[in-house]
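Novice: So here's model09.cif (mmCIF, C-alpha atoms).
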```
data_entry
loop_
_atom_site.label_atom_id
_atom_site.label_comp_id
_atom_site.auth_asym_id
_atom_site.auth_seq_id
_atom_site.Cartn_x
_atom_site.Cartn_y
_atom_site.Cartn_z
CA MET A 274 119.60 125.14 91.04
CA PRO A 275 118.64 123.93 94.51
CA CYS A 276 115.88 121.37 94.87
CA PRO A 277 112.60 122.61 96.32
CA ARG A 278 112.52 122.03 100.06
CA HIS A 279 109.35 119.94 99.81
CA ALA A 280 109.45 117.94 96.60
CA LEU A 281 106.36 116.69 94.81
CA PRO A 282 106.20 112.94 94.34
CA CYS A 283 106.58 112.73 90.57
CA ALA A 284 107.92 110.37 87.94
CA VAL A 285 111.15 112.22 87.14
CA PRO A 286 113.01 113.10 90.35
CA PRO A 287 114.28 116.66 90.84
CA HIS A 288 117.97 115.74 90.72
CA ILE A 289 117.56 114.54 87.11
CA LEU A 290 115.76 117.72 86.10
CA GLU A 291 118.46 119.79 87.82
CA ARG A 292 121.13 118.00 85.79
CA ILE A 293 119.26 118.81 82.58
CA VAL A 294 119.23 122.46 83.68
CA ARG A 295 123.03 122.26 84.02
CA ASN A 296 123.92 120.01 81.07
CA GLY A 297 121.20 120.26 78.42
CA THR A 298 120.76 122.44 75.38
CA GLU A 299 119.22 125.85 75.87
CA GLU A 300 115.77 124.50 74.99
CA GLN A 301 116.17 121.41 77.19
CA ARG A 302 117.33 123.55 80.09
CA SER A 303 114.35 125.90 79.73
CA ARG A 304 111.84 123.03 79.74
CA ALA A 305 113.46 121.29 82.71
CA LEU A 306 113.52 124.54 84.69
CA SER A 307 109.86 125.16 83.89
CA THR A 308 109.00 121.63 85.05
CA LEU A 309 110.89 122.10 88.32
CA LEU A 310 109.09 125.36 89.06
CA GLN A 311 105.68 123.84 88.31
CA ASP A 312 106.45 120.80 90.48
CA THR A 313 107.03 123.13 93.44
CA SER A 314 103.61 124.70 92.97
CA HIS A 315 101.87 121.34 92.59
CA ARG A 316 103.42 120.11 95.82
CA THR A 317 101.53 122.80 97.71
CA ILE A 318 98.30 121.76 96.01
CA ARG A 319 98.89 118.10 96.86
CA VAL A 320 99.49 118.88 100.56
CA HIS A 321 96.30 120.95 100.63
CA ASN A 322 94.28 118.17 98.98
CA ALA A 323 95.64 115.59 101.42
CA LEU A 324 94.71 117.77 104.39
CA MET A 325 91.22 118.31 103.00
CA ARG A 326 90.72 114.57 102.56
CA SER A 327 91.93 113.93 106.09
CA THR A 328 89.57 116.57 107.50
CA ARG A 329 86.58 115.22 105.58
CA ARG A 330 87.34 111.66 106.68
CA GLY A 331 86.93 112.63 110.32
CA ALA A 332 84.03 115.04 109.84
CA VAL A 333 81.47 113.06 107.83
CA PRO A 334 79.69 109.75 108.36
CA PRO A 335 81.12 106.65 106.68
CA ARG A 336 80.45 106.52 102.96
CA PRO A 337 78.15 103.86 101.52
CA ALA A 338 79.57 100.66 100.12
CA PRO A 339 81.81 101.41 97.12
CA GLU A 340 80.58 100.93 93.61
CA THR A 341 82.00 97.96 91.77
CA GLY A 342 84.48 98.65 89.02
CA PRO A 343 86.54 101.73 88.23
CA ARG A 344 85.08 105.16 87.55
CA ARG A 345 87.54 106.74 85.15
CA THR A 346 87.55 110.18 83.58
CA VAL A 347 90.32 111.42 81.30
CA SER A 348 90.57 115.12 80.43
CA ASP A 349 92.78 117.03 78.00
CA ALA A 350 94.61 120.17 79.12
CA GLY A 351 95.50 120.97 75.51
CA GLY A 352 99.03 122.09 76.36
CA THR A 353 97.83 124.50 79.05
CA GLU A 354 98.40 124.33 82.80
CA ILE A 355 94.69 124.44 83.60
CA LEU A 356 93.27 121.44 85.47
CA PRO A 357 91.36 119.32 84.84
CA GLY A 358 90.89 120.42 81.21
CA ALA A 359 88.20 119.26 78.81
CA MET A 360 86.73 115.80 79.45
CA VAL A 361 87.46 113.55 76.47
CA ARG A 362 86.77 110.01 77.72
CA GLU A 363 84.86 108.62 80.66
CA GLU A 364 84.06 105.19 82.07
CA GLY A 365 82.76 102.85 79.39
CA GLY A 366 83.52 105.25 76.57
CA ALA A 367 85.19 104.01 73.40
CA ALA A 368 88.85 104.66 72.63
CA ILE A 369 89.53 107.88 70.73
CA ASP A 370 92.18 108.94 68.27
CA ASP A 371 94.66 110.03 70.94
CA ALA A 372 97.23 107.56 72.27
CA ALA A 373 97.83 109.51 75.49
CA VAL A 374 94.13 109.52 76.38
CA ASN A 375 93.77 105.79 75.76
CA GLU A 376 96.98 104.94 77.63
CA ALA A 377 95.88 106.96 80.64
CA TYR A 378 92.43 105.34 80.60
CA ASP A 379 93.87 101.83 80.32
CA GLY A 380 96.56 102.51 82.93
CA LEU A 381 94.01 103.72 85.46
CA GLY A 382 91.95 100.60 84.78
CA SER A 383 94.91 98.24 85.10
CA THR A 384 95.95 99.78 88.41
CA PHE A 385 92.39 99.61 89.73
CA ALA A 386 92.13 95.95 88.63
CA PHE A 387 95.41 95.04 90.31
CA TYR A 388 94.43 96.53 93.67
CA SER A 389 90.91 95.09 93.44
CA ASP A 390 91.68 91.59 92.15
CA VAL A 391 94.95 90.97 93.98
CA LEU A 392 94.60 92.94 97.21
CA GLY A 393 90.85 93.33 97.58
CA ARG A 394 91.14 97.12 97.63
CA SER A 395 88.49 99.36 96.06
CA SER A 396 90.44 102.16 94.39
CA ILE A 397 92.93 104.49 96.04
CA ASP A 398 90.98 105.14 99.22
CA ASP A 399 89.41 101.63 99.44
CA GLU A 400 86.05 103.34 99.12
CA GLY A 401 85.62 103.36 95.34
CA MET A 402 87.27 106.73 94.72
CA ALA A 403 86.85 107.96 91.13
CA LEU A 404 90.05 107.87 89.09
CA LEU A 405 90.73 111.13 87.29
CA ALA A 406 93.53 111.97 84.87
CA THR A 407 94.59 114.92 82.74
CA VAL A 408 96.82 114.44 79.69
CA HIS A 409 98.72 116.90 77.47
CA TYR A 410 99.49 119.07 80.48
CA GLY A 411 101.75 122.06 79.91
CA ASP A 412 104.19 122.89 77.15
CA HIS A 413 106.50 119.88 76.85
CA TYR A 414 106.05 119.25 80.58
CA GLU A 415 108.57 116.57 81.58
CA ASN A 416 106.78 114.74 84.36
CA ALA A 417 103.71 112.96 85.70
CA PHE A 418 102.33 113.24 89.21
CA TRP A 419 99.48 112.53 91.63
CA ASN A 420 98.26 115.77 93.21
CA GLY A 421 96.04 114.25 95.88
CA ARG A 422 92.96 114.25 93.66
CA GLN A 423 94.03 113.19 90.19
CA MET A 424 96.82 112.07 87.88
CA VAL A 425 98.49 114.61 85.60
CA PHE A 426 100.63 113.68 82.60
CA GLY A 427 103.00 115.75 80.51
CA ASP A 428 104.02 114.89 76.96
CA GLY A 429 107.76 115.12 77.57
CA ASP A 430 110.10 117.10 75.35
CA GLY A 431 110.47 114.42 72.68
CA GLU A 432 114.26 114.73 72.96
CA LEU A 433 114.96 113.14 76.35
CA PHE A 434 111.52 111.98 77.50
CA LYS A 435 108.55 110.51 75.66
CA ARG A 436 104.94 111.02 76.74
CA PHE A 437 104.43 109.88 80.33
CA THR A 438 101.22 107.96 79.72
CA ALA A 439 103.29 105.34 77.85
CA SER A 440 104.63 103.86 81.11
CA LEU A 441 102.20 101.62 83.00
CA ASP A 442 104.52 101.24 85.99
CA ILE A 443 104.73 105.03 86.29
CA ILE A 444 100.93 105.24 86.36
CA GLY A 445 100.83 102.53 89.04
CA HIS A 446 103.65 104.26 90.90
CA GLU A 447 101.90 107.63 91.08
CA LEU A 448 98.49 106.23 92.03
CA THR A 449 100.17 104.23 94.79
CA HIS A 450 101.29 107.50 96.36
CA GLY A 451 97.59 108.01 97.00
CA VAL A 452 97.28 104.57 98.59
CA THR A 453 100.28 105.23 100.84
CA GLU A 454 98.89 108.62 101.78
CA ASP A 455 95.57 107.00 102.70
CA GLU A 456 97.01 104.08 104.69
CA ALA A 457 100.19 105.32 106.36
CA ALA A 458 100.68 109.02 105.58
CA LEU A 459 104.44 108.47 105.38
CA MET A 460 106.28 111.76 105.73
CA TYR A 461 107.95 112.72 102.45
CA VAL A 462 111.41 113.23 103.91
CA ASN A 463 114.52 111.14 104.69
CA GLN A 464 113.91 107.39 105.22
CA SER A 465 110.12 107.59 105.50
CA GLY A 466 110.09 109.54 102.24
CA ALA A 467 112.38 107.01 100.57
CA LEU A 468 110.01 104.26 101.76
CA ASN A 469 107.14 106.25 100.25
CA GLU A 470 108.95 106.30 96.91
CA SER A 471 109.97 102.65 97.17
CA ILE A 472 106.43 101.47 97.93
CA SER A 473 105.27 103.27 94.80
CA ASP A 474 108.00 101.58 92.76
CA VAL A 475 107.08 98.20 94.25
CA PHE A 476 103.42 98.40 93.35
CA GLY A 477 104.02 100.20 90.07
CA SER A 478 106.23 97.30 89.03
CA LEU A 479 103.69 94.76 90.31
CA VAL A 480 100.91 96.37 88.27
CA LYS A 481 103.04 95.95 85.15
CA GLN A 482 103.97 92.37 86.05
CA TYR A 483 100.32 91.52 86.74
CA VAL A 484 99.16 92.86 83.37
CA ARG A 485 101.97 91.00 81.58
CA GLY A 486 101.50 87.81 83.58
CA GLN A 487 105.17 87.73 84.53
CA THR A 488 106.80 85.87 87.39
CA ALA A 489 109.40 87.54 89.58
CA GLU A 490 112.12 85.89 87.51
CA GLN A 491 110.62 87.02 84.19
CA ALA A 492 110.08 90.66 85.19
CA ASP A 493 112.57 93.36 84.16
CA TRP A 494 112.22 95.28 87.48
CA LEU A 495 112.69 98.57 85.64
CA ILE A 496 110.70 101.71 86.42
CA GLY A 497 109.89 104.03 83.53
CA ASP A 498 111.66 102.01 80.86
CA GLU A 499 109.27 103.33 78.19
CA LEU A 500 110.04 106.99 78.96
CA LEU A 501 113.60 107.54 77.77
CA THR A 502 114.17 108.35 74.09
CA ASP A 503 116.87 106.67 72.03
CA ALA A 504 119.03 109.77 72.53
CA VAL A 505 119.48 108.91 76.22
CA GLN A 506 122.15 106.47 77.34
CA GLY A 507 120.04 104.42 79.71
CA VAL A 508 117.26 101.89 80.02
CA ALA A 509 114.89 103.43 82.60
CA LEU A 510 114.53 105.94 85.43
CA ARG A 511 115.32 103.28 88.05
CA SER A 512 116.24 99.62 88.37
CA MET A 513 114.93 97.73 91.38
CA LYS A 514 117.09 94.72 90.54
CA ALA A 515 120.29 96.74 90.25
CA PRO A 516 119.92 100.24 91.71
CA GLY A 517 122.52 102.61 90.32
CA THR A 518 122.60 101.11 86.81
CA ALA A 519 119.52 102.57 85.09
CA TYR A 520 121.30 105.33 83.14
CA ASP A 521 124.65 107.02 82.59
CA ASP A 522 124.12 109.93 80.25
CA PRO A 523 125.94 113.19 79.46
CA VAL A 524 122.78 115.22 80.12
CA LEU A 525 120.95 113.18 82.79
CA GLY A 526 124.18 112.25 84.55
CA ASP A 527 124.73 108.89 86.23
CA ASP A 528 122.30 106.89 88.35
CA ILE A 529 123.35 107.43 91.97
CA GLN A 530 120.85 105.16 93.70
CA PRO A 531 122.54 102.98 96.37
CA ASP A 532 121.72 99.30 96.84
CA HIS A 533 123.10 98.93 100.40
CA MET A 534 123.14 100.90 103.65
CA ASP A 535 126.91 101.20 103.32
CA ARG A 536 126.20 103.60 100.43
CA TYR A 537 123.24 105.45 101.96
CA VAL A 538 123.30 109.06 100.69
CA ARG A 539 122.96 111.79 103.31
CA MET A 540 121.83 115.02 101.69
CA THR A 541 119.44 117.93 102.15
CA ALA A 542 118.29 118.07 98.52
CA ASP A 543 115.42 115.90 97.30
CA ASN A 544 113.93 115.97 100.82
CA GLY A 545 116.87 114.00 102.13
CA GLY A 546 117.35 111.89 99.02
CA VAL A 547 113.91 110.26 98.85
CA HIS A 548 114.27 109.35 95.16
CA ILE A 549 117.85 108.20 95.68
CA ASN A 550 117.87 106.12 98.88
CA SER A 551 114.68 104.36 97.79
CA GLY A 552 117.08 102.08 95.91
CA ILE A 553 117.86 100.27 99.18
CA PRO A 554 114.32 99.08 100.04
CA ASN A 555 113.71 98.54 96.30
CA LYS A 556 116.57 96.05 96.19
CA ALA A 557 115.28 94.35 99.35
CA PHE A 558 111.87 93.85 97.77
CA TYR A 559 113.38 92.47 94.56
CA LEU A 560 115.47 89.98 96.58
CA ALA A 561 112.48 88.95 98.69
CA ALA A 562 110.25 88.54 95.63
CA THR A 563 112.72 86.40 93.72
CA ALA A 564 113.51 84.31 96.80
CA LEU A 565 109.81 83.64 97.42
CA GLY A 566 109.37 82.87 93.72
CA GLY A 567 106.33 82.69 91.49
CA TYR A 568 104.27 85.79 90.88
CA ALA A 569 105.68 88.57 93.03
CA TRP A 570 102.26 89.98 93.87
CA GLU A 571 101.11 86.75 95.51
CA LYS A 572 103.53 86.69 98.44
CA ALA A 573 106.02 89.58 98.46
CA GLY A 574 103.41 92.08 97.30
CA ARG A 575 100.90 90.90 99.89
CA ILE A 576 103.53 91.15 102.64
CA TRP A 577 104.45 94.72 101.67
CA TYR A 578 100.77 95.73 101.38
CA GLU A 579 99.83 94.36 104.78
CA THR A 580 102.93 96.05 106.22
CA LEU A 581 101.78 99.39 104.78
CA ARG A 582 98.42 98.88 106.51
CA ALA A 583 99.87 97.66 109.81
CA PRO A 584 99.33 99.87 112.90
CA GLN A 585 103.07 99.77 113.66
CA ILE A 586 103.79 101.90 110.59
CA ARG A 587 103.99 105.55 111.61
CA PRO A 588 104.45 108.66 109.43
CA ASN A 589 108.17 108.80 110.37
CA THR A 590 108.85 105.06 109.95
CA THR A 591 112.49 104.20 109.20
CA PHE A 592 113.90 101.47 106.98
CA ARG A 593 114.65 99.22 109.93
CA ALA A 594 111.18 99.64 111.44
CA PHE A 595 109.51 98.92 108.11
CA ALA A 596 111.76 95.91 107.55
CA SER A 597 110.86 94.53 110.95
CA VAL A 598 107.15 94.67 110.17
CA THR A 599 107.63 93.00 106.75
CA VAL A 600 109.40 90.08 108.47
CA HIS A 601 106.62 89.81 111.02
CA GLN A 602 103.93 89.93 108.32
CA ALA A 603 105.77 87.33 106.23
CA GLY A 604 105.64 84.90 109.13
CA LEU A 605 101.97 85.59 109.83
CA LEU A 606 100.91 85.24 106.23
CA PHE A 607 103.17 82.54 104.82
CA GLY A 608 105.15 80.90 107.64
CA ALA A 609 108.75 80.48 108.72
CA ASP A 610 110.30 80.01 105.27
CA ALA A 611 108.82 83.27 104.01
CA ARG A 612 109.90 85.06 107.18
CA LYS A 613 113.46 83.81 106.65
CA ALA A 614 113.47 84.87 102.97
CA VAL A 615 112.31 88.39 103.78
CA SER A 616 114.77 88.72 106.65
CA GLU A 617 117.65 87.64 104.41
CA ALA A 618 116.58 90.11 101.72
CA TRP A 619 116.88 93.00 104.17
CA GLN A 620 120.13 91.59 105.51
CA ALA A 621 121.55 91.63 101.98
CA VAL A 622 121.06 95.42 101.80
CA GLY A 623 122.57 96.01 105.22
CA ILE A 624 119.52 95.97 107.49
CA VAL A 625 119.37 93.36 110.25
CA VAL A 626 115.99 92.22 111.53
CA ARG A 627 115.29 90.05 114.58
CA VAL A 628 113.63 86.74 113.74
CA SER A 629 112.08 84.85 116.68
CA GLY A 630 114.53 86.41 119.09
CA GLN A 631 117.57 85.75 116.89
CA VAL A 632 119.45 88.45 115.03
CA SER A 633 120.69 87.91 111.49
CA ALA A 634 124.46 87.61 111.30
CA ALA A 635 125.29 90.41 108.87
CA GLY A 636 124.25 93.98 108.12
CA GLN A 637 124.59 97.50 109.34
CA VAL A 638 121.29 98.31 111.06
CA SER A 639 119.53 96.40 113.83
CA ALA A 640 115.80 96.32 114.43
CA ALA A 641 113.49 94.65 116.85
CA GLY A 642 111.12 92.17 115.29
#
```
As structure tokens, what does this structure read like?
Specialist:
Amino acid sequence: MPCPRHALPCAVPPHILERIVRNGTEEQRSRALSTLLQDTSHRTIRVHNALMRSTRRGAVPPRPAPETGPRRTVSDAGGTEILPGAMVREEGGAAIDDAAVNEAYDGLGSTFAFYSDVLGRSSIDDEGMALLATVHYGDHYENAFWNGRQMVFGDGDGELFKRFTASLDIIGHELTHGVTEDEAALMYVNQSGALNESISDVFGSLVKQYVRGQTAEQADWLIGDELLTDAVQGVALRSMKAPGTAYDDPVLGDDIQPDHMDRYVRMTADNGGVHINSGIPNKAFYLAATALGGYAWEKAGRIWYETLRAPQIRPNTTFRAFASVTVHQAGLLFGADARKAVSEAWQAVGIVVRVSGQVSAAGQVSAAG
């Protein structure tokens, strides 16, 4: 089955769902096909919501200072496809007897705390935006996504995927799509789309590392490692440390993420391979974070965040343009050694960046710094 022309940013990429349609049991194939069709519809809703937010931003006076602390609401769709569903827990409310509700509530709070405490950002829009989530969406829906207004979580099929609220880095990943949309509006196609996906992986992983108190060396650098059941031959949806090694399964197929520009995948499906080629900038961030050492959110995360907010970042930004700005920001924020470490990280994945008028010696792509 062909991938929808405009994919929705969601946890499970379309090429995995398409493989389940081809390789799974009759029931697995039916659920994966249903998920793919729903994802296409939700993409349209997300684009509409983004346009509405953009229109309102330019049409109304500035909002008052944001409230302190998160404003979370978790609703239950009860297996239907009706959003938002019945409200079951709101800010300050006690935990209830539903693991998915409590995981969603805690995950929203952890992501809010990371952006607030580490980056000084007040919620997704930096204006105290309320954080909304719906759990138990659909009948064995095999995904989670941000639709421009709220998070939505399926319960998985129980055979290949567990409930999607169980993965903190997936919650951080999806909410970061909202941050990227707010700051840079990266087009969800080709290299800018792969950067969009990579930035979500970066900050999804950093949210998990922050909550666990892990250094760059201690972190597993896996995305969605809590999602796969024991029946799947794999450890996660993606590996930032070693793209292309997360799974190799008879139903899901093999992980085809590249880790170098030499292996960049040119395709029309998946909006030009946004979930696939994101492995290249993912590997660059991992290398930069481990080279800089300590807690990855303190230096590497700050560099990537300030790059996302930089005026040089355009909706159609390429890998090399993004890399150039990260090197520049590294120098501004942390000096020559950090600039060198970030430059060498990009060089290792085949992207050359100018540093103080000098060009790194290896790589496949040049960029002005």
Novice: Run the PyMOL selection byres ((chain A and resi 444-460) around 6) mentally over the shown coordinates, then write out the matched residues as an NGL selection string, using the chain letters and numbers from the document.
Specialist: :A and (384 or 397 or 418-419 or 441-443 or 461-462 or 465-466 or 473-474 or 477 or 582 or 588-589)
Novice: Any chance you could work out the residue set of the PyMOL selection byres ((chain A and resi 283) around 7) here, as number ranges by chain?
Specialist: A: 281-282, 284-286, 416-418, 447
Novice: Evaluate the PyMOL selection byres ((chain A and resi 432-438) around 10) against this structure - the residues, as a PyMOL selection string, please.
Specialist: chain A and resi 284-285+293+297+301+372-380+408-409+413-418+425-431+439-444+497+499-506+524-525
Novice: Which value, in Å to one decimal, gives the distance between CA of Glu571 (chain A) and CA of Phe476 (chain A)?
Specialist: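 For CA of Glu571 (chain A) relative to CA of Phe476 (chain A), the distance reads 12.1 Å.
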Novice: For each of A:Gln482, A:Gln464, A:Asn550, A:Ser348, take the minimum atom-to-atom distance to Asp528 (chain A), counting only C-alpha atoms, then give the residue where this is smallest.
Specialist: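 Of A:Gln482, A:Gln464, A:Asn550, A:Ser348, the one nearest Asp528 (chain A) is A:Asn550, counting only C-alpha atoms.
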Novice: Compute the distance from (108.0, 101.6, 109.1) to each atom, counting all atoms listed in the file, keep the residues with any atom at most 12 Å away, and return them as a ChimeraX atom specification; use the coordinates of the file.
Specialist: /A:453,457-460,464-469,472,554,577,579-600,640-642
Novice: Between A:Ile529, A:Ala386, A:Met424, A:Ala573, single out the one closest to Lys481 (chain A), counting only C-alpha atoms.
Specialist: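 Nearest to Lys481 (chain A): A:Ala386.
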Novice: Give the answer as one residue: which of A:Glu363, A:Glu490, A:Glu470, A:Glu300 has the shortest atom-to-atom distance to Asp412 (chain A), using only C-alpha atoms?
Specialist: A:Glu300
Novice: Could you tell me which of A:Arg627, A:Arg422, A:Arg394, A:Arg345 comes closest to Met360 (chain A) if we count only C-alpha atoms?
Specialist: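 For Met360 (chain A), the nearest of the candidates is A:Arg345.
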Novice: With 10 Å as the threshold, what does the neighbourhood of (119.7, 115.4, 101.3) contain in terms of residues, counting all atoms listed in the file? Coordinates are those of the file; answer as a PyMOL selection string.
Specialist: chain A and resi 276+278+462-463+538-547+549-550
Novice: Would you save the residues from that selection as a short mmCIF file (atom, residue, chain, number, x, y, z; two decimals), in the frame of the given file, using C-alpha atoms?
Specialist:
```
data_model
loop_
_atom_site.label_atom_id
_atom_site.label_comp_id
_atom_site.auth_asym_id
_atom_site.auth_seq_id
_atom_site.Cartn_x
_atom_site.Cartn_y
_atom_site.Cartn_z
CA CYS A 276 115.88 121.37 94.87
CA ARG A 278 112.52 122.03 100.06
CA VAL A 462 111.41 113.23 103.91
CA ASN A 463 114.52 111.14 104.69
CA VAL A 538 123.30 109.06 100.69
CA ARG A 539 122.96 111.79 103.31
CA MET A 540 121.83 115.02 101.69
CA THR A 541 119.44 117.93 102.15
CA ALA A 542 118.29 118.07 98.52
CA ASP A 543 115.42 115.90 97.30
CA ASN A 544 113.93 115.97 100.82
CA GLY A 545 116.87 114.00 102.13
CA GLY A 546 117.35 111.89 99.02
CA VAL A 547 113.91 110.26 98.85
CA ILE A 549 117.85 108.20 95.68
CA ASN A 550 117.87 106.12 98.88
#
```
Novice: Which residues come within 12 Å of Ser389 (chain A), counting all atoms listed in the file, excluding same-chain residues fewer than 6 positions away, as a VMD selection string?
Specialist: chain A and resid 339 to 343 382 to 383 395 to 401 480
Novice: Skipping near chain neighbours, those fewer than 4 positions away, what residues fall within 9 Å of Val615 (chain A) using only C-alpha atoms, listed as a PyMOL selection string?
Specialist: chain A and resi 557-558+560-562+564-565+573+596+599-600+603+610-611+619-620
Novice: Could you state the separation of CA of Phe385 (chain A) and CA of Val361 (chain A) in Å, given to one decimal place?
Specialist: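 CA of Val361 (chain A) lies 19.9 Å from CA of Phe385 (chain A).
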Novice: With distances taken over all atoms listed in the file, which of A:Gly567, A:Gly526, A:Gly604, A:Gly623 is nearest to Gln491 (chain A)?
Specialist: A:Gly567
Novice: Mind giving me the straight-line distance from CA of Thr346 (chain A) to CA of Leu405 (chain A) in Å, one decimal?
Specialist: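 Distance between the two atoms: 5.0 Å.
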Novice: Using only C-alpha atoms, pick whichever of A:Gly366, A:Lys514, A:Leu606, A:Pro523 has the shortest atom-to-atom distance to Thr298 (chain A).
Specialist: A:Pro523
